[in-house]
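Okay, input-v4.tsv is below, TSV, C-alpha atoms:
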```
chain	number	residue	atom	x	y	z
A	4	GLN	CA	0.00	0.00	0.00
A	5	GLU	CA	2.95	2.31	0.44
A	6	ALA	CA	3.31	2.49	-3.35
A	7	ILE	CA	-0.26	3.73	-3.67
A	8	ARG	CA	0.30	6.41	-1.02
A	9	VAL	CA	3.47	7.58	-2.76
A	10	ALA	CA	1.72	7.66	-6.14
A	11	GLN	CA	-1.13	9.69	-4.66
A	12	ARG	CA	1.36	12.17	-3.22
A	13	VAL	CA	3.04	12.49	-6.61
A	14	LEU	CA	-0.33	13.23	-8.20
A	15	ARG	CA	-1.08	15.91	-5.63
A	16	GLU	CA	2.32	17.54	-5.97
A	17	ASN	CA	2.14	17.51	-9.78
A	18	ALA	CA	-1.54	18.28	-10.21
A	19	MET	CA	-0.85	21.32	-12.39
A	20	GLU	CA	0.62	19.07	-15.05
A	21	VAL	CA	-1.55	15.99	-14.65
A	22	PHE	CA	-4.85	17.86	-14.68
A	23	LYS	CA	-3.86	20.45	-17.31
A	24	ILE	CA	-4.02	23.47	-15.04
A	25	ASN	CA	-2.45	26.61	-16.49
A	26	GLY	CA	-2.16	24.93	-19.88
A	27	LYS	CA	0.29	22.23	-18.84
A	28	SER	CA	-0.68	18.75	-19.98
A	29	ARG	CA	2.35	16.47	-20.19
A	30	GLY	CA	0.50	13.67	-18.38
A	31	ILE	CA	1.57	11.51	-15.45
A	32	ALA	CA	3.85	9.23	-17.50
A	33	TYR	CA	6.12	12.19	-18.29
A	34	LEU	CA	6.50	13.63	-14.81
A	35	ASP	CA	10.14	14.22	-13.86
A	36	VAL	CA	9.82	12.08	-10.74
A	37	LEU	CA	8.95	9.07	-12.91
A	38	GLN	CA	12.04	9.52	-15.05
A	39	LYS	CA	14.45	8.95	-12.15
A	40	PRO	CA	15.60	5.50	-10.96
A	41	GLY	CA	13.86	4.16	-7.87
A	42	PHE	CA	10.87	2.29	-6.52
A	43	LEU	CA	8.17	4.62	-7.83
A	44	PRO	CA	9.21	4.47	-11.53
A	45	ASP	CA	9.53	0.68	-11.24
A	46	TRP	CA	6.07	0.49	-9.70
A	47	TRP	CA	4.65	2.75	-12.40
A	48	GLN	CA	6.15	0.64	-15.21
A	49	LEU	CA	4.60	-2.47	-13.69
A	50	HIS	CA	1.28	-0.80	-12.91
A	51	LYS	CA	0.66	0.50	-16.43
A	52	SER	CA	1.34	-2.89	-18.04
A	53	ALA	CA	-0.94	-5.92	-18.38
A	54	GLU	CA	1.86	-8.44	-17.85
A	55	GLY	CA	1.14	-11.07	-15.24
A	56	LEU	CA	-2.43	-10.01	-14.49
A	57	VAL	CA	-4.57	-13.05	-13.72
A	58	ARG	CA	-7.57	-13.02	-16.03
A	59	ASN	CA	-8.96	-16.56	-15.72
A	60	TRP	CA	-10.67	-17.37	-12.45
A	61	GLN	CA	-13.10	-19.68	-10.74
A	62	VAL	CA	-15.35	-17.83	-8.31
A	63	ILE	CA	-18.01	-18.68	-5.77
A	64	GLY	CA	-20.39	-16.58	-3.70
A	65	PRO	CA	-21.92	-14.51	-2.31
A	66	PHE	CA	-21.77	-15.86	1.22
A	67	ALA	CA	-23.26	-13.98	4.17
A	68	TYR	CA	-20.82	-11.45	5.63
A	69	GLY	CA	-21.00	-12.87	9.15
A	70	THR	CA	-17.73	-11.99	10.90
A	71	GLY	CA	-16.11	-11.01	7.62
A	72	LEU	CA	-12.71	-12.42	6.76
A	73	GLU	CA	-12.72	-14.53	9.92
A	74	GLU	CA	-15.95	-16.34	8.97
A	75	ILE	CA	-14.98	-19.76	7.61
A	76	TYR	CA	-16.87	-21.05	4.58
A	77	PRO	CA	-16.52	-24.34	2.62
A	78	PRO	CA	-13.95	-23.08	0.05
A	79	GLU	CA	-11.46	-22.75	2.94
A	80	LYS	CA	-12.03	-26.37	3.93
A	81	GLU	CA	-12.20	-28.03	0.53
A	82	LEU	CA	-11.95	-27.24	-3.16
A	83	LYS	CA	-14.77	-29.21	-4.76
A	84	PHE	CA	-15.61	-27.37	-7.94
A	85	ASP	CA	-18.80	-29.34	-8.66
A	86	ALA	CA	-20.27	-29.16	-5.14
A	87	PRO	CA	-23.18	-26.80	-4.29
A	88	TYR	CA	-23.15	-24.85	-1.05
A	89	SER	CA	-25.71	-22.83	0.89
A	90	SER	CA	-25.09	-19.10	0.66
A	91	ALA	CA	-26.66	-15.68	1.00
A	92	ASN	CA	-28.36	-16.24	-2.38
A	93	GLY	CA	-29.43	-19.84	-1.84
A	94	GLN	CA	-27.34	-22.55	-3.47
A	95	VAL	CA	-24.10	-21.50	-5.16
A	96	LYS	CA	-21.42	-23.38	-7.09
A	97	TRP	CA	-18.02	-22.53	-8.46
A	98	GLN	CA	-18.18	-20.86	-11.86
A	99	LYS	CA	-15.53	-19.88	-14.38
A	100	THR	CA	-15.17	-16.22	-15.27
A	101	ASP	CA	-12.67	-14.15	-17.22
A	102	THR	CA	-11.72	-10.52	-16.79
A	103	ASP	CA	-11.16	-7.96	-19.51
A	104	GLU	CA	-7.66	-6.69	-20.34
A	105	SER	CA	-7.59	-4.55	-17.20
A	106	GLY	CA	-7.47	-7.70	-15.08
A	107	TYR	CA	-10.30	-6.49	-12.83
A	108	LEU	CA	-12.44	-9.33	-11.50
A	109	ASN	CA	-15.88	-7.87	-10.82
A	110	PHE	CA	-17.70	-9.95	-8.22
A	111	LEU	CA	-20.96	-8.06	-8.71
A	112	ASP	CA	-21.09	-9.09	-12.36
A	113	ALA	CA	-20.19	-12.66	-11.45
A	114	PHE	CA	-22.65	-13.13	-8.60
A	115	TYR	CA	-25.66	-10.98	-9.48
A	116	GLN	CA	-27.71	-11.11	-12.66
A	117	HIS	CA	-28.61	-7.43	-12.35
A	118	PRO	CA	-26.10	-5.92	-9.89
A	119	GLU	CA	-27.35	-2.39	-10.55
A	120	GLU	CA	-30.76	-3.41	-9.15
A	121	ASN	CA	-29.40	-4.72	-5.85
A	122	PRO	CA	-29.52	-2.56	-2.70
A	123	ALA	CA	-26.50	-0.48	-1.76
A	124	ASP	CA	-25.93	-2.68	1.28
A	125	LEU	CA	-24.25	-5.67	-0.37
A	126	ALA	CA	-22.08	-6.77	2.55
A	127	ALA	CA	-20.93	-10.25	1.63
A	128	ILE	CA	-18.00	-12.62	1.13
A	129	GLY	CA	-16.74	-14.05	-2.15
A	130	TYR	CA	-13.90	-16.35	-3.19
A	131	ALA	CA	-11.71	-16.52	-6.28
A	132	TYR	CA	-9.40	-19.39	-7.18
A	133	VAL	CA	-6.65	-19.90	-9.73
A	134	SER	CA	-3.99	-22.56	-10.21
A	135	VAL	CA	-0.49	-21.73	-11.40
A	136	GLU	CA	2.09	-24.14	-12.77
A	137	SER	CA	5.73	-23.48	-11.92
A	138	PRO	CA	8.74	-25.18	-13.55
A	139	ASP	CA	10.55	-25.33	-10.20
A	140	ASP	CA	10.42	-24.39	-6.54
A	141	ARG	CA	10.75	-20.62	-6.29
A	142	ASN	CA	9.86	-17.53	-4.31
A	143	ILE	CA	7.82	-14.97	-6.24
A	144	LYS	CA	6.21	-11.61	-5.78
A	145	LEU	CA	2.56	-11.10	-6.54
A	146	THR	CA	0.46	-7.99	-6.24
A	147	LEU	CA	-3.06	-7.56	-4.98
A	148	GLY	CA	-5.72	-4.91	-5.33
A	149	SER	CA	-9.09	-5.48	-3.69
A	150	ASN	CA	-12.39	-3.86	-2.81
A	151	ASP	CA	-12.70	-4.28	0.09
A	152	GLY	CA	-10.40	-6.25	2.42
A	153	ALA	CA	-8.93	-9.62	1.45
A	154	LYS	CA	-7.32	-12.81	2.66
A	155	VAL	CA	-4.92	-14.73	0.41
A	156	TRP	CA	-3.75	-18.33	0.58
A	157	VAL	CA	-1.00	-19.87	-1.55
A	158	ASN	CA	-0.88	-23.65	-1.20
A	159	ASN	CA	-2.97	-23.40	1.98
A	160	GLN	CA	-0.60	-20.88	3.59
A	161	VAL	CA	-2.04	-17.48	4.49
A	162	ILE	CA	0.18	-14.75	3.03
A	163	TYR	CA	-2.15	-11.79	3.52
A	164	ASN	CA	-5.13	-10.97	5.72
A	165	GLU	CA	-6.42	-7.42	6.10
A	166	HIS	CA	-9.89	-6.09	6.86
A	167	VAL	CA	-10.14	-2.66	5.25
A	168	GLY	CA	-12.61	-0.52	3.35
A	169	ARG	CA	-11.08	0.65	0.07
A	170	GLY	CA	-11.46	0.84	-3.67
A	171	ALA	CA	-9.57	-1.70	-5.77
A	172	VAL	CA	-6.45	-0.53	-7.62
A	173	ALA	CA	-4.07	-2.92	-9.33
A	174	ASP	CA	-0.80	-3.38	-7.43
A	175	GLN	CA	-2.05	-1.90	-4.15
A	176	VAL	CA	-0.16	-4.47	-2.10
A	177	PHE	CA	3.04	-6.39	-2.87
A	178	LEU	CA	3.19	-9.91	-1.43
A	179	GLU	CA	5.76	-12.69	-1.33
A	180	ALA	CA	4.87	-16.33	-1.87
A	181	HIS	CA	6.59	-19.66	-2.31
A	182	LEU	CA	5.64	-21.81	-5.29
A	183	GLU	CA	6.38	-25.49	-5.55
A	184	LYS	CA	7.38	-27.27	-8.73
A	185	GLY	CA	4.19	-28.24	-10.53
A	186	LEU	CA	0.69	-27.05	-9.72
A	187	ASN	CA	0.11	-24.35	-7.09
A	188	HIS	CA	-3.17	-23.16	-5.64
A	189	ILE	CA	-4.09	-19.52	-5.00
A	190	LEU	CA	-7.30	-18.75	-3.13
A	191	VAL	CA	-8.46	-15.19	-2.46
A	192	LYS	CA	-11.29	-14.26	-0.12
A	193	VAL	CA	-12.69	-10.76	-0.61
A	194	GLU	CA	-15.13	-8.97	1.64
A	195	ASN	CA	-17.63	-6.46	0.37
A	196	LEU	CA	-18.65	-3.66	2.70
A	197	GLY	CA	-21.11	-2.24	0.16
A	198	SER	CA	-21.16	-0.82	-3.36
A	199	LYS	CA	-18.30	-1.96	-5.65
A	200	TRP	CA	-16.67	-5.35	-5.14
A	201	GLY	CA	-13.69	-6.72	-6.99
A	202	LEU	CA	-10.13	-7.92	-7.25
A	203	TYR	CA	-6.82	-7.64	-9.12
A	204	VAL	CA	-3.98	-10.16	-8.85
A	205	ARG	CA	-0.71	-9.96	-10.74
A	206	LEU	CA	2.08	-12.56	-10.82
A	207	VAL	CA	5.42	-10.79	-11.13
A	208	ASP	CA	7.06	-13.13	-13.62
A	209	PRO	CA	9.65	-11.28	-15.76
A	210	ASP	CA	10.69	-14.40	-17.71
A	211	ASN	CA	7.11	-15.62	-18.34
A	212	GLU	CA	7.83	-19.02	-16.84
A	213	LEU	CA	4.63	-19.39	-14.83
A	214	VAL	CA	1.50	-20.78	-16.47
A	215	VAL	CA	-1.98	-19.83	-15.25
A	216	LYS	CA	-4.20	-22.85	-15.78
A	217	GLU	CA	-7.63	-22.17	-17.29
```
If you took the structure in this file and wrote it as structure tokens, what would it be?
Amino acid sequence: QEAIRVAQRVLRENAMEVFKINGKSRGIAYLDVLQKPGFLPDWWQLHKSAEGLVRNWQVIGPFAYGTGLEEIYPPEKELKFDAPYSSANGQVKWQKTDTDESGYLNFLDAFYQHPEENPADLAAIGYAYVSVESPDDRNIKLTLGSNDGAKVWVNNQVIYNEHVGRGAVADQVFLEAHLEKGLNHILVKVENLGSKWGLYVRLVDPDNELVVKE
């Protein structure tokens, strides 16, 4: 999240250029601060690309909010993709869904036939799953953006767990994970505190050696 805070500060400090005040309109990509070596330019180069964004998911939900991220539902106990479960909307099953090029997984579109007709109070829990094949054992970085808070497991190990109200932005949080040779399992639990509800995940894989299984 520090990257997001720094980027927001850069926008504030360079608003005259970014928002074309006083006739200046070079745009954020050309700001001087992004031309200098360091974390922020590296983050910006990653953030504006589509490389590594996970676009093929299996999702299930909505489940009742209950105690939020601490409420345990069946996907945390077992991954049975053909099994129905009781949920906030009756019976639910895992379903495949793809994102557009932005990589944004919209839970409202996945779970509700007419999300615009649902009440503003949509407090709920949803899950997204993807499997990733690795050619060897390795440590990787992955990034997360979620609306709202999220909990992330890689091969049944929790690598992130934060209850927070926020909008989703790609690369909000940088995480470290260990992948084993062969198939690896990534499960993300996302809480919705109302209104928009979604997720970004990016695998930082400069050599394109990881394969997201569809």
Give me the residues near Glu165 in chain A as a list in words, where near means some atom within 9 Å (using all atoms listed in the file) and where sequence neighbours in that chain fewer than 3 positions away do not count.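 Contacts, in chain order: Leu72, Gly152, Ala153 and Lys154 of chain A.
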Could you check the closest approach to Leu178 in chain A for each of A:Thr70, A:Asn142, A:Ser198, A:Asn150 and tell me which residue wins, using all atoms listed in the file?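 Of the candidates, the smallest distance to Leu178 in chain A is held by A:Asn142.
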Could you give me, as a count of residues only, the residues within 10 Å of range 75-77 of chain A, counting all atoms listed in the file and dropping anything in the same chain fewer than 6 positions from it? 13
Skipping near chain neighbours, those fewer than 2 positions away, what residues fall within 10 Å of Glu217 in chain A using all atoms listed in the file, listed as number ranges by chain? A: 58-61, 99-101, 133-135, 214-215
Can you write out the residues you just picked, keeping C-alpha atoms, as a CSV table (one decimal), in the frame of the given file?
```csv
chain,number,residue,atom,x,y,z
A,58,ARG,CA,-7.6,-13.0,-16.0
A,59,ASN,CA,-9.0,-16.6,-15.7
A,60,TRP,CA,-10.7,-17.4,-12.4
A,61,GLN,CA,-13.1,-19.7,-10.7
A,99,LYS,CA,-15.5,-19.9,-14.4
A,100,THR,CA,-15.2,-16.2,-15.3
A,101,ASP,CA,-12.7,-14.2,-17.2
A,133,VAL,CA,-6.6,-19.9,-9.7
A,134,SER,CA,-4.0,-22.6,-10.2
A,135,VAL,CA,-0.5,-21.7,-11.4
A,214,VAL,CA,1.5,-20.8,-16.5
A,215,VAL,CA,-2.0,-19.8,-15.2
```
Point-to-point distance in Å for CA of Ala173 in chain A and CA of Glu104 in chain A: 12.2 Å
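The smallest atom-to-atom distance between Asp140 in chain A and any of A:Ile162, A:Phe114, A:Leu125, A:Glu212, using all atoms listed in the file, is found for A:Glu212.
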Would you list the residues near (-5.3, -3.4, -5.5) (no more than 8 Å away, in the coordinates of the file, using all atoms listed in the file) as an NGL selection string? :A and (146-150 or 170-176 or 202-204)
Serialized selection, C-alpha atoms, as a tab-separated table (two decimals), keeping the file's coordinate frame:
```tsv
chain	number	residue	atom	x	y	z
A	146	THR	CA	0.46	-7.99	-6.24
A	147	LEU	CA	-3.06	-7.56	-4.98
A	148	GLY	CA	-5.72	-4.91	-5.33
A	149	SER	CA	-9.09	-5.48	-3.69
A	150	ASN	CA	-12.39	-3.86	-2.81
A	170	GLY	CA	-11.46	0.84	-3.67
A	171	ALA	CA	-9.57	-1.70	-5.77
A	172	VAL	CA	-6.45	-0.53	-7.62
A	173	ALA	CA	-4.07	-2.92	-9.33
A	174	ASP	CA	-0.80	-3.38	-7.43
A	175	GLN	CA	-2.05	-1.90	-4.15
A	176	VAL	CA	-0.16	-4.47	-2.10
A	202	LEU	CA	-10.13	-7.92	-7.25
A	203	TYR	CA	-6.82	-7.64	-9.12
A	204	VAL	CA	-3.98	-10.16	-8.85
```
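As for CA of Glu79 in chain A and CA of Asp208 in chain A, they are spaced 26.6 Å apart.
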Could you jot down the CA of Pro138 in chain A to CA of Gly55 in chain A separation for me, Å, one decimal place?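 These two atoms are separated by 16.1 Å.
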Which of these, A:Tyr115, A:Trp156, A:Tyr163, A:Trp200, has the shortest distance to Leu182 in chain A once you count only C-alpha atoms?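 Ranking A:Tyr115, A:Trp156, A:Tyr163, A:Trp200 by distance to Leu182 in chain A, first place goes to A:Trp156.
Residue nearest Asp151 in chain A, chosen from A:His50, A:Lys199, A:Lys184, A:Lys96 and counting all atoms listed in the file: A:Lys199.
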Looking at A:Tyr132, A:Tyr68, A:Phe177, A:Phe84, which one is nearest to Leu190 in chain A, with distances taken over all atoms listed in the file? A:Tyr132
List as a short mmCIF file (atom, residue, chain, number, x, y, z; two decimals) with C-alpha atoms, in the coordinates of the input: which residues have an atom within 8 Å of (-13.1, -3.3, -12.3), counting all atoms listed in the file?
```
data_model
loop_
_atom_site.label_atom_id
_atom_site.label_comp_id
_atom_site.auth_asym_id
_atom_site.auth_seq_id
_atom_site.Cartn_x
_atom_site.Cartn_y
_atom_site.Cartn_z
CA SER A 105 -7.59 -4.55 -17.20
CA GLY A 106 -7.47 -7.70 -15.08
CA TYR A 107 -10.30 -6.49 -12.83
CA LEU A 108 -12.44 -9.33 -11.50
CA ASN A 109 -15.88 -7.87 -10.82
CA ALA A 171 -9.57 -1.70 -5.77
CA GLY A 201 -13.69 -6.72 -6.99
CA LEU A 202 -10.13 -7.92 -7.25
#
```
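Among the candidates A:Lys144, A:Asn187, A:Asp112, A:Asp139, the residue lying nearest to Gln160 in chain A is A:Asn187 (atoms considered: all atoms listed in the file).
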